[in-house]
Structures are given as structure tokens and as C-alpha cells.
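Engineer: Got a file for you: my_file_12.cif, mmCIF, C-alpha atoms.
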data_entry
loop_
_atom_site.label_atom_id
_atom_site.label_comp_id
_atom_site.auth_asym_id
_atom_site.auth_seq_id
_atom_site.Cartn_x
_atom_site.Cartn_y
_atom_site.Cartn_z
CA MET A 1 -2.98 3.64 -17.39
CA SER A 2 -0.91 4.97 -14.57
CA PRO A 3 -2.03 3.81 -11.12
CA ALA A 4 -0.83 7.06 -9.68
CA SER A 5 -3.06 9.03 -12.04
CA ALA A 6 -6.03 6.69 -12.00
CA VAL A 7 -7.53 8.44 -9.00
CA PRO A 8 -6.31 12.01 -9.07
CA LEU A 9 -5.71 13.41 -5.61
CA ASP A 10 -4.71 16.92 -6.58
CA HIS A 11 -8.10 18.54 -6.39
CA PRO A 12 -10.04 17.81 -3.22
CA LYS A 13 -13.79 18.06 -3.80
CA GLU A 14 -14.39 19.20 -0.22
CA SER A 15 -12.23 21.19 2.15
CA PRO A 16 -9.74 18.74 3.60
CA LEU A 17 -9.55 18.02 7.29
CA HIS A 18 -6.06 18.49 8.70
CA LEU A 19 -4.84 16.28 11.51
CA GLY A 20 -1.58 16.14 13.40
CA PRO A 21 1.30 16.32 13.64
CA PHE A 22 1.32 12.86 15.18
CA ALA A 23 4.53 11.51 16.66
CA VAL A 24 5.32 8.25 14.89
CA ARG A 25 8.24 5.87 15.18
CA VAL A 26 9.41 2.60 13.68
CA GLU A 27 9.68 0.25 16.61
CA ALA A 28 11.95 -2.70 15.77
CA GLU A 29 9.48 -5.30 17.02
CA ALA A 30 6.59 -3.81 15.04
CA SER A 31 8.73 -3.56 11.90
CA GLU A 32 9.83 -7.19 12.23
CA ALA A 33 6.24 -8.36 12.75
CA PHE A 34 5.14 -6.39 9.68
CA GLY A 35 8.02 -7.90 7.69
CA ARG A 36 7.06 -11.43 8.74
CA ALA A 37 3.45 -10.76 7.73
CA THR A 38 4.42 -9.40 4.29
CA GLY A 39 7.48 -11.48 3.41
CA ALA A 40 9.86 -8.52 3.51
CA ARG A 41 13.56 -9.11 4.02
CA ALA A 42 14.55 -9.50 7.67
CA GLY A 43 16.51 -6.63 9.13
CA ARG A 44 15.05 -3.99 6.82
CA ILE A 45 12.06 -1.72 7.49
CA PRO A 46 9.37 -2.85 5.02
CA PHE A 47 8.68 -0.13 2.45
CA THR A 48 4.95 -0.18 3.15
CA PHE A 49 5.35 -0.27 6.94
CA PRO A 50 4.22 3.37 7.41
CA VAL A 51 0.69 2.40 6.39
CA ARG A 52 0.49 1.04 9.93
CA TRP A 53 0.56 4.60 11.23
CA LEU A 54 -2.74 5.33 9.46
CA ALA A 55 -4.45 3.01 11.96
CA HIS A 56 -3.94 5.69 14.62
CA PRO A 57 -7.19 5.92 16.66
CA GLN A 58 -7.55 9.67 16.04
CA ILE A 59 -7.29 9.17 12.28
CA ARG A 60 -9.79 6.32 12.33
CA ALA A 61 -12.19 8.34 14.47
CA ALA A 62 -11.90 11.35 12.15
CA ALA A 63 -12.53 9.12 9.14
CA ALA A 64 -15.61 7.63 10.79
CA ARG A 65 -16.95 11.13 11.53
CA MET A 66 -16.36 12.24 7.93
CA ILE A 67 -18.15 9.20 6.56
CA GLY A 68 -20.98 9.79 8.95
CA ALA A 69 -22.95 6.60 8.33
CA THR A 70 -22.98 3.72 10.78
CA ASP A 71 -22.92 0.56 8.68
CA TRP A 72 -20.20 0.85 6.08
CA VAL A 73 -17.02 -0.82 4.96
CA PRO A 74 -14.02 0.80 3.31
CA ILE A 75 -12.74 -0.83 0.12
CA HIS A 76 -9.16 0.05 -0.73
CA GLU A 77 -9.01 1.43 -4.28
CA SER A 78 -5.51 2.81 -4.56
CA GLN A 79 -2.41 3.53 -2.56
CA SER A 80 0.93 5.19 -3.11
CA PHE A 81 4.20 5.68 -1.25
CA ASP A 82 6.81 8.22 -2.27
CA ALA A 83 9.97 8.11 -0.17
CA CYS A 84 12.77 10.64 -0.30
CA ARG A 85 14.62 9.49 2.81
CA ARG A 86 14.93 6.07 4.38
CA LEU A 87 13.21 5.63 7.69
CA GLU A 88 15.23 4.45 10.65
CA THR A 89 14.27 2.38 13.63
CA GLY A 90 13.85 4.18 16.94
CA ILE A 91 13.67 7.72 15.50
CA ASP A 92 10.72 10.05 16.12
CA TYR A 93 8.98 11.37 13.02
CA ARG A 94 6.07 13.74 12.54
CA MET A 95 3.08 12.74 10.46
CA ARG A 96 0.53 15.23 9.16
CA ILE A 97 -2.71 14.11 7.58
CA GLU A 98 -5.09 15.65 5.08
CA MET A 99 -8.38 13.84 4.62
CA TRP A 100 -11.38 14.63 2.49
CA ARG A 101 -14.53 13.13 1.05
CA GLU A 102 -15.87 12.74 -2.42
CA ALA A 103 -19.57 12.15 -2.87
CA ARG A 104 -20.05 10.41 -6.22
CA PRO A 105 -18.85 7.78 -5.91
CA SER A 106 -18.53 7.80 -2.17
CA ARG A 107 -14.84 7.94 -1.29
CA LEU A 108 -12.54 8.94 1.50
CA LEU A 109 -9.15 10.21 0.43
CA LEU A 110 -6.18 10.60 2.68
CA ARG A 111 -2.74 12.10 2.21
CA ALA A 112 -0.02 11.67 4.83
CA LYS A 113 3.29 13.49 4.97
CA ILE A 114 6.04 12.24 7.23
CA ALA A 115 9.01 14.37 8.18
CA THR A 116 11.84 14.30 10.69
CA ASP A 117 11.52 16.27 13.90
CA THR A 118 13.40 19.06 12.10
CA GLU A 119 10.81 18.99 9.28
CA GLU A 120 13.00 17.29 6.68
CA PRO A 121 10.57 15.45 4.35
CA CYS A 122 10.83 11.65 4.41
CA LEU A 123 7.76 10.14 2.84
CA SER A 124 4.30 10.85 1.55
CA MET A 125 1.45 8.37 1.24
CA GLU A 126 -1.89 8.65 -0.50
CA MET A 127 -4.81 6.36 0.07
CA THR A 128 -8.19 6.16 -1.64
CA LEU A 129 -10.99 4.23 0.02
CA ARG A 130 -14.31 3.54 -1.64
CA ILE A 131 -17.07 3.61 0.97
CA VAL A 132 -19.83 1.04 0.52
CA SER A 133 -22.67 -0.13 2.70
CA ALA A 134 -21.87 -3.20 4.77
CA ASP A 135 -24.69 -5.04 2.96
CA GLY A 136 -22.86 -4.57 -0.32
CA SER A 137 -25.31 -2.06 -1.76
CA ALA A 138 -24.17 0.99 -3.67
CA ALA A 139 -22.20 3.80 -2.17
CA GLN A 140 -23.94 5.90 0.41
CA MET B 1 19.65 -14.23 -8.18
CA SER B 2 20.47 -10.65 -7.29
CA GLY B 3 24.18 -11.47 -7.63
CA GLU B 4 23.75 -11.97 -11.40
CA HIS B 5 23.05 -8.26 -11.74
CA SER B 6 25.86 -6.83 -9.65
CA GLY B 7 27.15 -3.68 -11.28
CA ASN B 8 24.74 -3.86 -14.25
CA PRO B 9 21.97 -1.29 -14.23
CA PRO B 10 18.46 -2.51 -15.15
CA ARG B 11 17.55 -2.19 -18.82
CA PRO B 12 14.21 -1.21 -20.37
CA GLY B 13 12.21 -4.31 -21.22
CA GLU B 14 13.96 -6.43 -18.59
CA LYS B 15 11.45 -8.55 -16.70
CA ILE B 16 11.39 -9.49 -13.08
CA PRO B 17 10.98 -13.23 -12.54
CA PRO B 18 7.30 -14.04 -11.84
CA ARG B 19 6.56 -15.09 -8.29
CA VAL B 20 3.42 -16.76 -6.96
CA VAL B 21 2.04 -15.80 -3.57
CA ARG B 22 -0.96 -17.09 -1.68
CA PHE B 23 -2.49 -15.74 1.50
CA ASP B 24 -4.82 -17.79 3.64
CA LEU B 25 -6.97 -16.61 6.53
CA ALA B 26 -4.13 -17.06 9.03
CA ASP B 27 -1.96 -14.77 6.86
CA LEU B 28 -4.75 -12.17 6.80
CA ARG B 29 -5.04 -12.31 10.59
CA ARG B 30 -1.28 -11.93 10.92
CA TYR B 31 -1.28 -8.96 8.58
CA ALA B 32 -4.24 -7.37 10.38
CA GLU B 33 -2.38 -7.56 13.65
CA ALA B 34 0.90 -6.29 12.20
CA SER B 35 -0.67 -3.42 10.25
CA GLY B 36 -3.54 -2.39 12.49
CA ASP B 37 -5.95 -2.90 9.56
CA ASP B 38 -8.55 -4.97 11.35
CA ASN B 39 -11.39 -4.28 8.90
CA PRO B 40 -13.62 -7.31 9.58
CA ILE B 41 -14.35 -7.82 5.90
CA HIS B 42 -10.85 -9.37 5.67
CA LEU B 43 -11.23 -11.56 8.74
CA ASP B 44 -14.84 -12.63 9.04
CA ALA B 45 -16.47 -14.71 6.29
CA ALA B 46 -19.94 -13.63 7.41
CA VAL B 47 -19.08 -9.94 7.07
CA ALA B 48 -17.56 -10.59 3.65
CA ARG B 49 -20.66 -12.51 2.52
CA ARG B 50 -22.94 -9.73 3.76
CA ALA B 51 -20.97 -7.31 1.62
CA GLY B 52 -21.55 -9.55 -1.40
CA LEU B 53 -18.16 -11.28 -1.47
CA GLU B 54 -17.74 -15.04 -1.68
CA ALA B 55 -14.95 -15.06 0.93
CA PRO B 56 -12.78 -12.64 2.90
CA PRO B 57 -10.66 -10.62 0.47
CA VAL B 58 -6.94 -10.26 0.97
CA HIS B 59 -6.00 -6.77 2.21
CA GLY B 60 -5.00 -4.65 -0.77
CA MET B 61 -2.00 -3.52 1.21
CA LEU B 62 -0.87 -7.10 1.76
CA LEU B 63 -0.95 -7.67 -2.00
CA MET B 64 0.87 -4.40 -2.59
CA SER B 65 3.46 -5.33 0.02
CA ALA B 66 4.18 -8.55 -1.90
CA PHE B 67 5.86 -6.51 -4.65
CA GLU B 68 8.74 -5.56 -2.36
CA PRO B 69 10.09 -9.08 -1.75
CA ALA B 70 9.62 -9.86 -5.47
CA LEU B 71 11.71 -6.82 -6.38
CA ASP B 72 14.17 -7.58 -3.64
CA ALA B 73 14.68 -11.14 -4.91
CA TRP B 74 15.37 -9.73 -8.35
CA ARG B 75 17.53 -6.70 -7.52
CA ALA B 76 18.52 -6.54 -3.86
CA ASP B 77 21.20 -4.00 -4.82
CA TRP B 78 18.60 -1.34 -5.77
CA MET B 79 16.13 0.31 -3.43
CA LEU B 80 12.46 1.15 -3.69
CA ARG B 81 11.73 4.86 -3.79
CA GLN B 82 8.14 4.97 -5.01
CA LEU B 83 5.38 2.43 -5.16
CA SER B 84 1.80 3.06 -6.26
CA ALA B 85 -0.98 0.59 -6.86
CA LYS B 86 -4.55 0.39 -7.96
CA PHE B 87 -6.60 -2.52 -6.68
CA LEU B 88 -8.83 -3.67 -9.52
CA ARG B 89 -10.44 -6.90 -8.29
CA PRO B 90 -10.67 -8.67 -4.96
CA VAL B 91 -8.37 -11.60 -4.27
CA PHE B 92 -9.90 -14.05 -1.85
CA ALA B 93 -8.17 -15.83 0.98
CA GLY B 94 -6.55 -19.00 -0.37
CA GLU B 95 -6.32 -17.77 -3.98
CA SER B 96 -2.95 -17.75 -5.73
CA VAL B 97 -1.63 -14.56 -7.24
CA GLU B 98 1.24 -14.20 -9.68
CA ILE B 99 3.41 -11.11 -9.30
CA SER B 100 5.26 -9.96 -12.42
CA GLY B 101 6.79 -6.83 -13.83
CA ARG B 102 9.12 -5.23 -16.30
CA ILE B 103 11.21 -2.11 -16.60
CA VAL B 104 9.61 0.57 -18.73
CA GLU B 105 12.19 3.32 -18.33
CA THR B 106 15.64 3.94 -16.89
CA SER B 107 17.51 7.13 -16.13
CA ASP B 108 21.30 7.43 -16.35
CA GLY B 109 21.90 4.10 -14.67
CA SER B 110 20.65 5.52 -11.40
CA GLY B 111 16.91 4.91 -11.53
CA ALA B 112 14.34 2.62 -13.08
CA LEU B 113 10.58 2.80 -13.50
CA LEU B 114 8.77 -0.53 -13.44
CA ARG B 115 5.25 -1.58 -14.36
CA LEU B 116 4.07 -4.30 -11.99
CA LEU B 117 1.08 -6.59 -12.25
CA ALA B 118 -0.64 -9.14 -10.08
CA HIS B 119 -2.82 -11.75 -11.80
CA ASN B 120 -5.22 -14.19 -10.24
CA ASP B 121 -5.66 -17.85 -11.29
CA ARG B 122 -8.02 -16.78 -14.09
CA ARG B 123 -5.28 -14.48 -15.49
CA GLU B 124 -7.29 -11.42 -14.59
CA ILE B 125 -5.27 -8.42 -13.48
CA VAL B 126 -6.06 -7.80 -9.83
CA VAL B 127 -3.46 -5.14 -9.04
CA ILE B 128 -1.65 -2.77 -11.39
CA ALA B 129 1.27 -0.92 -9.91
CA GLU B 130 4.31 1.16 -10.63
CA ALA B 131 7.59 1.25 -8.78
CA THR B 132 10.64 3.43 -8.96
CA LEU B 133 13.92 1.86 -7.96
CA ALA B 134 17.07 3.83 -7.29
CA LYS B 135 20.68 2.95 -6.83
CA PRO B 136 21.50 3.45 -3.14
#
Please express what this file holds, its structure, as C-alpha cells.

Structural biologist:
Amino acid sequence: MSPASAVPLDHPKESPLHLGPFAVRVEAEASEAFGRATGARAGRIPFTFPVRWLAHPQIRAAAARMIGATDWVPIHESQSFDACRRLETGIDYRMRIEMWREARPSRLLLRAKIATDTEEPCLSMEMTLRIVSADGSAAQ
Amino acid sequence: MSGEHSGNPPRPGEKIPPRVVRFDLADLRRYAEASGDDNPIHLDAAVARRAGLEAPPVHGMLLMSAFEPALDAWRADWMLRQLSAKFLRPVFAGESVEISGRIVETSDGSGALLRLLAHNDRREIVVIAEATLAKP
């Protein structure tokens, strides 16, 4: 079983919501803190560091609106990173987001593309979140 | 360890040395702060219990991130290009997890595809992942 193909992201079930571009940057201090938290080698940007950018308030707010319910928790089902260019500290990048819902089971799917300020592709990320009620009952 | 491999490309079937990691609640708090993932299910035992879990689960992304230092300890001379993971079972704060992996495919000495696994103490697979390494 291929993790990348376990949850196919190629065919959104609903029209995706497009967000961005967001200006994102690897700040040295944030990268070092992320590396300490994950055990990554000092002095190198951790490979999974860009997931931090998905905590942007506008993305979280859009996700909450798409989910619609009030008492839910996201359960991370799958994640991928595909890098074609190494990120550098202190450089501005542009991140564009596509986000969509699936109903059965209840999921939120997100695809992020990160490029340089001249639109050279750097990285894409895909995230699948299963949405469950906070009381542990079945998907909404 | 990485020095043993200098100049030799990875070979299909080669295994990465298993590595055991363990994340306690302080580690989860540190990761939440560093990543911005402050989902309370990972930080608050009451929230976790209400969701039907026996304890706060480790962030899937923290488990996934543990593959990088394992790969780095094995082959620091090659770089990660792709990493994908599926989170199959929760790992609870304080539980040990063994990271392992092997090469399933190589390409012209310049790239390698690896299958990676994380097992809990009961030898259940908790994360299945794939990584692509490339020669810098």
C-alpha cells in the first residue's frame, strides 16, 4: 500500500476553496525551535518545517468555516511533502492553498504549493484531516 | 555511521538502523509551540478522554518528523526530496515508537525510494511512510 495513494487527492469531491498567495518565510529562530522539537539536525531547515505555515490564522479560519460545526476535532490521516528546491532562511516565498471537503467520511483536504517570489516551484504539501465530533462520536 | 557509506549509493534491500523515539507531554507542548499545531487533543488529557482516547496522542506530524533524523543518522550525505505518511493508529504520550525502513528501489545511483515504518510497543504499525532521497 502506498501512503501517497492511500487517500487520493486528485479528484476533489467539492469545488476547492483557493486561498493566498500568503507570504511565508523561514525565520532562523522558528526553524531552530522546530528542529529542537523534532530532533532534526542543527543548522538545517527541518524537512517538515513548512507544515508550520498551515497554522496561518486565515487558513485555520477558512477550515473552520468549511467544517461548519462547532464541536469537532481534526484527526490527521495522511500527509505528504514533495520538494523540488531547498528552502532557505530569510527568503520570502509564496504559498497558495486549495482546500476542500469530503462528506463520507467527513474529511478536510488541503493542498499547499510554495514557490519563490518569481514563481519558481519549491514544494508542495498535501494534508488529509478526518473530522470527528469532540465527544468521539462518528463523523459529522 | 554516515561515514561508512561515503561514496557508496544505497542498495535495494538495505535497511536503515532501527531507532526508538518517545515523546512525553512536554515534548508535545514543545512541538505544539514550534509548529503552531495547538489542537488541544494533543495537550489536554480531558479533551483526549472526551474524544475516546486513553491519553493525549502524539501529533502525527511529530511522528512523521522523526523519520528525518533517523534517515540523517543513516545517510547524512543524501537529502530528503519527498516524504509521505499515513497515520494508522494513535501513539500516546509516553509510548515508545520504533522507526525502521529499507530501500525498495534505486535509480542510477542518484535516488532511492524507501519504505518506512513506525511500530508501537505492541509491534503494531502506527505510521507507514515513503521517502525519496537524492544525492545533493

Engineer: Might you pull out every residue within 8 Å of Leu133 (chain B), with all atoms listed in the file counted and same-chain residues fewer than 2 positions away left off, and present them as a VMD selection string?

Structural biologist: chain B and resid 78 to 82 111 to 114 131 135

Engineer: What is the distance between CA of Glu126 (chain A) and CA of Ala83 (chain A), in Å to one decimal?

Structural biologist: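 One can read the CA of Glu126 (chain A) to CA of Ala83 (chain A) distance as 11.9 Å.
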
Engineer: Near Val91 (chain B), counting only C-alpha atoms, which residues have an atom at most 9 Å away, once you skip same-chain residues fewer than 2 positions from it, shown as a PDB file with C-alpha atoms, in the coordinates of the input?

Structural biologist:
ATOM      1  CA  PRO B  56     -12.780 -12.640   2.900  1.00  0.00           C
ATOM      2  CA  PRO B  57     -10.660 -10.620   0.470  1.00  0.00           C
ATOM      3  CA  VAL B  58      -6.940 -10.260   0.970  1.00  0.00           C
ATOM      4  CA  HIS B  59      -6.000  -6.770   2.210  1.00  0.00           C
ATOM      5  CA  GLY B  60      -5.000  -4.650  -0.770  1.00  0.00           C
ATOM      6  CA  LEU B  63      -0.950  -7.670  -2.000  1.00  0.00           C
ATOM      7  CA  ARG B  89     -10.440  -6.900  -8.290  1.00  0.00           C
ATOM      8  CA  ALA B  93      -8.170 -15.830   0.980  1.00  0.00           C
ATOM      9  CA  GLY B  94      -6.550 -19.000  -0.370  1.00  0.00           C
ATOM     10  CA  GLU B  95      -6.320 -17.770  -3.980  1.00  0.00           C
ATOM     11  CA  SER B  96      -2.950 -17.750  -5.730  1.00  0.00           C
ATOM     12  CA  VAL B  97      -1.630 -14.560  -7.240  1.00  0.00           C
ATOM     13  CA  ASN B 120      -5.220 -14.190 -10.240  1.00  0.00           C
ATOM     14  CA  VAL B 126      -6.060  -7.800  -9.830  1.00  0.00           C
TER      15      VAL B 126
END

Engineer: Which is closest to chain B among A:Arg25, A:Arg111, A:Arg96, A:His56, if we use only C-alpha atoms?

Structural biologist: A:His56

Engineer: Using the file's own x, y and z axes, what box holds all listed atoms of region 75-88 of chain B with 6 Å on each side, keeping edges along x, y and z, and what are its centre and edge lengths in Å to one decimal, as lines of an AutoDock Vina configuration file?

Structural biologist:
center_x = 6.2
center_y = -0.9
center_z = -6.5
size_x = 42.0
size_y = 23.7
size_z = 18.1

Engineer: Any idea which chain A residues end up within 6 Å of chain B if we count only C-alpha atoms, as a ChimeraX atom specification please?

Structural biologist: /A:3-4,33-34,37-38,40,52,55,77-83,134-136

Engineer: Where does the PyMOL selection byres ((chain A and resi 123) around 8) land in this file, that is, which residues does it pick, as number ranges by chain?

Structural biologist: A: 81-85, 113-115, 121-122, 124-125
